[in-house]
Amino acid sequence: MEILNYAFMQRALLAAVLVGITAPAIGIYLVQRRQALMGDGIGHVAMTGVGLGFLLSWSPVWMAALVSVLGAVLMELIRWYGRTRGDIALAMLFYGGMAGGVMFINLAPTGSNANLTSYLFGSLSTVSESDVTAICLLAAFVVLVTLGLRRQLFAVSQDEEFARVTGLPVRFLNLLTAVTAAVTVTVAMRVVGLLLVSALMVVPVAAAQALSRSFAATFAVAVAIGVTVTIGGTVTSYYQDVPPGATIVLLTIAAFIVLTALATPLARRRARALAAAQPVPDPAECAVPAGRDATGEADA
């Protein structure tokens, strides 16, 4: 294939595959916890890390990972202790992260709004070898956590109180989920962009839930959808010269619509099959009256 003759596209496709795996892998737990927009909030905070990376002449990817992890920890602390003022504190954290990113990147001698835009919406041509190395290491962490601790994370995501009663370290697992989500945002920002990564964490999971019943099947289908749309979006953006992040997200939404449309008749068919398998009760006129035997004679 012609597309594989270019080194920057090889890097972009590798990054796309890793994003397609990691985003739904952590997204399934966020959806179960009803925190679907958590990735969006972390993306706002990660902007400060990108700006600091340019300002301090350090890797924006690693700096964004550090800042987003700190932001995720702070978000969990606010959720635990914030009580009634928690939503205001989170809003200040998110918008402060956006403002900090814009400010720092404009103060940097080599930074500009054009640099920030590539991180906000993704850019294929700017994925460097150092970015790929960082993405591979961070993606390995996400996969190890989401697969190695899947039973514990699922239990906490379903019912925190029950998980606490069974002896699981609920607060640690909640914190680990938030940190893993922050790392995933950093992995995805070079391909999808900070402002669009949340869609890739949530929509494939929602599409997979329409087709499958078990957690394992939903996990596998969501990852398959994620890999398919990220590769498809990356290839499309190369040949059609369109933004990769927007293309990937639109393909993800299209996949959701198609799979949901296919799942509706399947669900009806399952319901009819289940109803047919249920035993049919006897008609009222065939029932034996109380106090009589099967022949109609009164009981002795």
# chains A, B, ... in the order shown; residues from 1 in each chain; ligands from 1
call {"tool": "residues_around", "arguments": {"residues": "region 195-197 of chain A", "least_positions_apart": "6", "cutoff": "10 Å", "atoms": "only C-alpha atoms", "output": "short mmCIF file (atom, residue, chain, number, x, y, z; two decimals) with all heavy atoms, in the first residue's frame"}}
result
data_model
loop_
_atom_site.label_atom_id
_atom_site.label_comp_id
_atom_site.auth_asym_id
_atom_site.auth_seq_id
_atom_site.Cartn_x
_atom_site.Cartn_y
_atom_site.Cartn_z
N VAL A 19 -4.70 3.96 20.07
CA VAL A 19 -5.82 4.77 20.55
C VAL A 19 -7.12 3.98 20.46
O VAL A 19 -7.96 4.02 21.37
CB VAL A 19 -5.92 6.08 19.74
CG1 VAL A 19 -7.22 6.82 20.06
CG2 VAL A 19 -4.73 6.98 20.02
N ALA A 23 -8.81 3.68 24.24
CA ALA A 23 -9.94 4.57 24.55
C ALA A 23 -11.20 3.78 24.95
O ALA A 23 -11.79 4.05 26.01
CB ALA A 23 -10.22 5.50 23.38
N GLY A 39 -13.53 12.11 30.35
CA GLY A 39 -12.44 12.28 29.40
C GLY A 39 -12.38 13.68 28.84
O GLY A 39 -11.30 14.23 28.61
N ASP A 40 -13.55 14.29 28.64
CA ASP A 40 -13.59 15.66 28.14
C ASP A 40 -12.99 16.63 29.15
O ASP A 40 -12.22 17.52 28.79
CB ASP A 40 -15.04 16.04 27.84
CG ASP A 40 -15.15 17.38 27.13
OD1 ASP A 40 -14.48 17.57 26.10
OD2 ASP A 40 -15.89 18.25 27.62
N GLY A 41 -13.33 16.44 30.42
CA GLY A 41 -12.75 17.30 31.46
C GLY A 41 -11.25 17.14 31.58
O GLY A 41 -10.51 18.13 31.71
N ILE A 42 -10.77 15.90 31.51
CA ILE A 42 -9.33 15.66 31.58
C ILE A 42 -8.62 16.28 30.38
O ILE A 42 -7.51 16.80 30.49
CB ILE A 42 -9.04 14.16 31.68
CG1 ILE A 42 -9.58 13.60 33.00
CG2 ILE A 42 -7.54 13.88 31.58
CD1 ILE A 42 -9.46 12.10 33.13
N GLY A 43 -9.29 16.23 29.23
CA GLY A 43 -8.70 16.85 28.03
C GLY A 43 -8.48 18.34 28.21
O GLY A 43 -7.48 18.89 27.75
N HIS A 44 -9.40 19.02 28.89
CA HIS A 44 -9.22 20.44 29.17
C HIS A 44 -8.00 20.68 30.05
O HIS A 44 -7.20 21.59 29.81
CB HIS A 44 -10.47 21.00 29.88
CG HIS A 44 -11.65 21.16 28.97
ND1 HIS A 44 -12.25 20.08 28.35
CD2 HIS A 44 -12.35 22.25 28.59
CE1 HIS A 44 -13.27 20.52 27.62
NE2 HIS A 44 -13.35 21.83 27.75
N MET A 47 -4.50 20.37 28.40
CA MET A 47 -4.04 21.50 27.60
C MET A 47 -2.96 22.29 28.33
O MET A 47 -2.01 22.79 27.72
CB MET A 47 -5.21 22.41 27.25
CG MET A 47 -6.17 21.80 26.23
SD MET A 47 -7.65 22.82 25.98
CE MET A 47 -6.89 24.34 25.38
N TYR A 119 -2.85 19.64 18.79
CA TYR A 119 -3.13 18.80 19.96
C TYR A 119 -4.62 18.80 20.31
O TYR A 119 -5.11 17.85 20.89
CB TYR A 119 -2.32 19.29 21.17
CG TYR A 119 -0.85 18.98 21.08
CD1 TYR A 119 0.04 19.86 20.48
CD2 TYR A 119 -0.34 17.78 21.58
CE1 TYR A 119 1.38 19.57 20.38
CE2 TYR A 119 1.01 17.48 21.49
CZ TYR A 119 1.86 18.38 20.89
OH TYR A 119 3.20 18.09 20.79
N LEU A 120 -5.31 19.86 19.96
CA LEU A 120 -6.73 19.95 20.26
C LEU A 120 -7.56 19.06 19.35
O LEU A 120 -8.55 18.46 19.79
CB LEU A 120 -7.22 21.40 20.14
CG LEU A 120 -6.69 22.39 21.17
CD1 LEU A 120 -7.21 23.79 20.87
CD2 LEU A 120 -7.08 21.97 22.57
N PHE A 121 -7.18 18.97 18.07
CA PHE A 121 -8.00 18.25 17.10
C PHE A 121 -7.24 17.12 16.40
O PHE A 121 -7.81 16.48 15.52
CB PHE A 121 -8.52 19.23 16.05
CG PHE A 121 -9.33 20.34 16.64
CD1 PHE A 121 -8.80 21.61 16.77
CD2 PHE A 121 -10.62 20.11 17.09
CE1 PHE A 121 -9.54 22.64 17.33
CE2 PHE A 121 -11.36 21.13 17.64
CZ PHE A 121 -10.83 22.41 17.76
N GLY A 122 -5.99 16.87 16.76
CA GLY A 122 -5.21 15.79 16.17
C GLY A 122 -4.52 16.22 14.88
O GLY A 122 -4.99 17.11 14.18
N THR A 184 -5.04 7.73 29.06
CA THR A 184 -5.66 7.45 27.78
C THR A 184 -5.87 8.73 26.97
O THR A 184 -5.68 8.74 25.75
CB THR A 184 -7.01 6.74 27.98
OG1 THR A 184 -6.79 5.56 28.76
CG2 THR A 184 -7.64 6.37 26.66
N VAL A 185 -6.28 9.79 27.64
CA VAL A 185 -6.44 11.08 26.95
C VAL A 185 -5.11 11.51 26.33
O VAL A 185 -5.08 12.00 25.19
CB VAL A 185 -6.95 12.14 27.94
CG1 VAL A 185 -6.87 13.53 27.33
CG2 VAL A 185 -8.38 11.83 28.34
N THR A 186 -4.03 11.32 27.05
CA THR A 186 -2.71 11.68 26.52
C THR A 186 -2.34 10.81 25.33
O THR A 186 -1.75 11.30 24.36
CB THR A 186 -1.65 11.54 27.62
OG1 THR A 186 -2.08 12.26 28.78
CG2 THR A 186 -0.31 12.09 27.15
N VAL A 187 -2.66 9.53 25.41
CA VAL A 187 -2.38 8.63 24.29
C VAL A 187 -3.11 9.08 23.03
O VAL A 187 -2.57 9.05 21.92
CB VAL A 187 -2.80 7.18 24.66
CG1 VAL A 187 -2.72 6.28 23.45
CG2 VAL A 187 -1.89 6.64 25.76
N ALA A 188 -4.35 9.53 23.20
CA ALA A 188 -5.20 9.81 22.04
C ALA A 188 -5.03 11.20 21.46
O ALA A 188 -5.48 11.45 20.35
CB ALA A 188 -6.67 9.60 22.43
N MET A 189 -4.40 12.11 22.19
CA MET A 189 -4.45 13.50 21.75
C MET A 189 -3.71 13.77 20.45
O MET A 189 -4.06 14.68 19.71
CB MET A 189 -3.91 14.42 22.85
CG MET A 189 -2.42 14.34 23.08
SD MET A 189 -1.92 15.49 24.38
CE MET A 189 -0.14 15.24 24.38
N GLY A 245 -9.00 13.82 13.54
CA GLY A 245 -9.84 13.70 14.72
C GLY A 245 -11.31 13.76 14.39
O GLY A 245 -12.11 12.92 14.84
N ALA A 246 -11.70 14.76 13.61
CA ALA A 246 -13.11 14.90 13.23
C ALA A 246 -13.58 13.70 12.41
O ALA A 246 -14.71 13.22 12.58
CB ALA A 246 -13.30 16.19 12.45
N ILE A 248 -12.45 10.59 12.48
CA ILE A 248 -12.59 9.42 13.35
C ILE A 248 -13.86 9.50 14.17
O ILE A 248 -14.61 8.52 14.30
CB ILE A 248 -11.35 9.29 14.25
CG1 ILE A 248 -10.12 8.89 13.41
CG2 ILE A 248 -11.58 8.27 15.36
CD1 ILE A 248 -8.82 8.94 14.17
N VAL A 249 -14.15 10.65 14.74
CA VAL A 249 -15.34 10.80 15.57
C VAL A 249 -16.61 10.64 14.74
O VAL A 249 -17.57 9.98 15.16
CB VAL A 249 -15.33 12.16 16.29
CG1 VAL A 249 -16.66 12.42 16.99
CG2 VAL A 249 -14.20 12.21 17.32
#
call {"tool": "select_by_dssp", "arguments": {"residues": "region 34-262 of chain A", "states": "helix (DSSP H, G or I)", "output": "PyMOL selection string"}}
result
chain A and resi 38-55+60-81+83-107+113-121+129-148+150-158+160-165+170-188+197-211+215-240+244-262
call {"tool": "residues_around", "arguments": {"residues": "Val170 (chain A)", "least_positions_apart": "5", "cutoff": "9 Å", "atoms": "only C-alpha atoms", "output": "list in words"}}
result
Gln152, Leu153, Val156, Glu160, Glu161, Ala163, Arg164 and Leu175 of chain A
call {"tool": "residues_around", "arguments": {"residues": "Gly101 (chain A)", "least_positions_apart": "3", "cutoff": "12 Å", "atoms": "only C-alpha atoms", "output": "ChimeraX atom specification"}}
result
/A:43-55,60,63-64,67-68,94-98,104-108,111-113,115-117,119-120,194
call {"tool": "write_last_selection", "arguments": {"atoms": "C-alpha atoms", "output": "compact mmCIF listing (two decimals), in the first residue's frame"}}
result
# COMPACT_ATOMS: atom_id res chain seq x y z
CA GLY A 43 -8.70 16.85 28.03
CA HIS A 44 -9.22 20.44 29.17
CA VAL A 45 -6.69 19.98 31.98
CA ALA A 46 -4.18 18.30 29.66
CA MET A 47 -4.04 21.50 27.60
CA THR A 48 -2.05 23.09 30.43
CA GLY A 49 0.43 20.22 30.18
CA VAL A 50 0.85 20.77 26.45
CA GLY A 51 1.48 24.47 27.00
CA LEU A 52 3.98 23.77 29.78
CA GLY A 53 5.79 21.30 27.55
CA PHE A 54 6.41 24.01 24.94
CA LEU A 55 7.27 26.59 27.60
CA PRO A 60 4.37 17.94 25.40
CA MET A 63 4.08 16.86 30.33
CA ALA A 64 0.42 16.47 29.34
CA VAL A 67 -0.58 17.31 34.36
CA SER A 68 -3.64 15.26 33.35
CA PHE A 94 -11.59 22.45 33.52
CA TYR A 95 -11.69 26.04 32.31
CA GLY A 96 -8.50 26.90 34.15
CA GLY A 97 -6.81 24.05 32.31
CA MET A 98 -7.91 25.46 28.95
CA PHE A 104 1.65 28.93 28.39
CA ILE A 105 1.91 28.06 24.73
CA ASN A 106 1.81 31.74 23.77
CA LEU A 107 4.53 32.52 26.31
CA ALA A 108 6.74 29.76 24.91
CA GLY A 111 4.93 27.84 20.66
CA SER A 112 1.95 29.19 18.76
CA ASN A 113 -1.77 28.65 18.47
CA ASN A 115 0.88 24.08 17.68
CA LEU A 116 -1.99 23.98 20.14
CA THR A 117 -4.53 23.28 17.40
CA TYR A 119 -3.13 18.80 19.96
CA LEU A 120 -6.73 19.95 20.26
CA LEU A 194 -7.94 16.59 23.32
call {"tool": "closest_residue", "arguments": {"among": "A:Leu259, A:Ala12, A:Ser57, A:Glu76", "to": "Phe172 (chain A)", "atoms": "only C-alpha atoms"}}
result
A:Glu76
call {"tool": "atom_distance", "arguments": {"atom1": "CA of Thr236 (chain A)", "atom2": "CA of Leu14 (chain A)"}}
result
15.2 Å
call {"tool": "residues_around", "arguments": {"residues": "Leu147 (chain A)", "least_positions_apart": "6", "cutoff": "10 Å", "atoms": "only C-alpha atoms", "output": "ChimeraX atom specification"}}
result
/A:25-26,153,219
call {"tool": "residues_around", "arguments": {"residues": "Leu176 (chain A)", "least_positions_apart": "3", "cutoff": "12 Å", "atoms": "only C-alpha atoms", "output": "list of chain:residue names"}}
result
A:Ile26, A:Tyr29, A:Leu30, A:Val69, A:Leu70, A:Ala72, A:Val73, A:Glu76, A:Phe141, A:Val142, A:Leu144, A:Val145, A:Thr146, A:Leu149, A:Arg150, A:Gln152, A:Leu153, A:Val156, A:Pro169, A:Val170, A:Arg171, A:Phe172, A:Leu173, A:Val179, A:Thr180, A:Ala181, A:Ala182, A:Val183
call {"tool": "atom_distance", "arguments": {"atom1": "CA of Pro24 (chain A)", "atom2": "CA of Arg190 (chain A)"}}
result
16.6 Å
call {"tool": "atom_distance", "arguments": {"atom1": "CA of Leu37 (chain A)", "atom2": "CA of Val202 (chain A)"}}
result
8.3 Å
call {"tool": "residues_around", "arguments": {"residues": "Ala224 (chain A)", "least_positions_apart": "4", "cutoff": "9 Å", "atoms": "only C-alpha atoms", "output": "CSV table (one decimal) with C-alpha atoms, in the first residue's frame"}}
result
chain,number,residue,atom,x,y,z
A,20,GLY,CA,-8.5,2.5,19.2
A,21,ILE,CA,-7.6,-0.1,21.8
A,204,PRO,CA,-17.9,2.6,20.8
A,219,PHE,CA,-15.4,-5.0,25.9
A,220,ALA,CA,-14.3,-6.9,22.8
A,228,THR,CA,-11.8,0.0,13.0
A,229,VAL,CA,-12.8,3.6,13.1
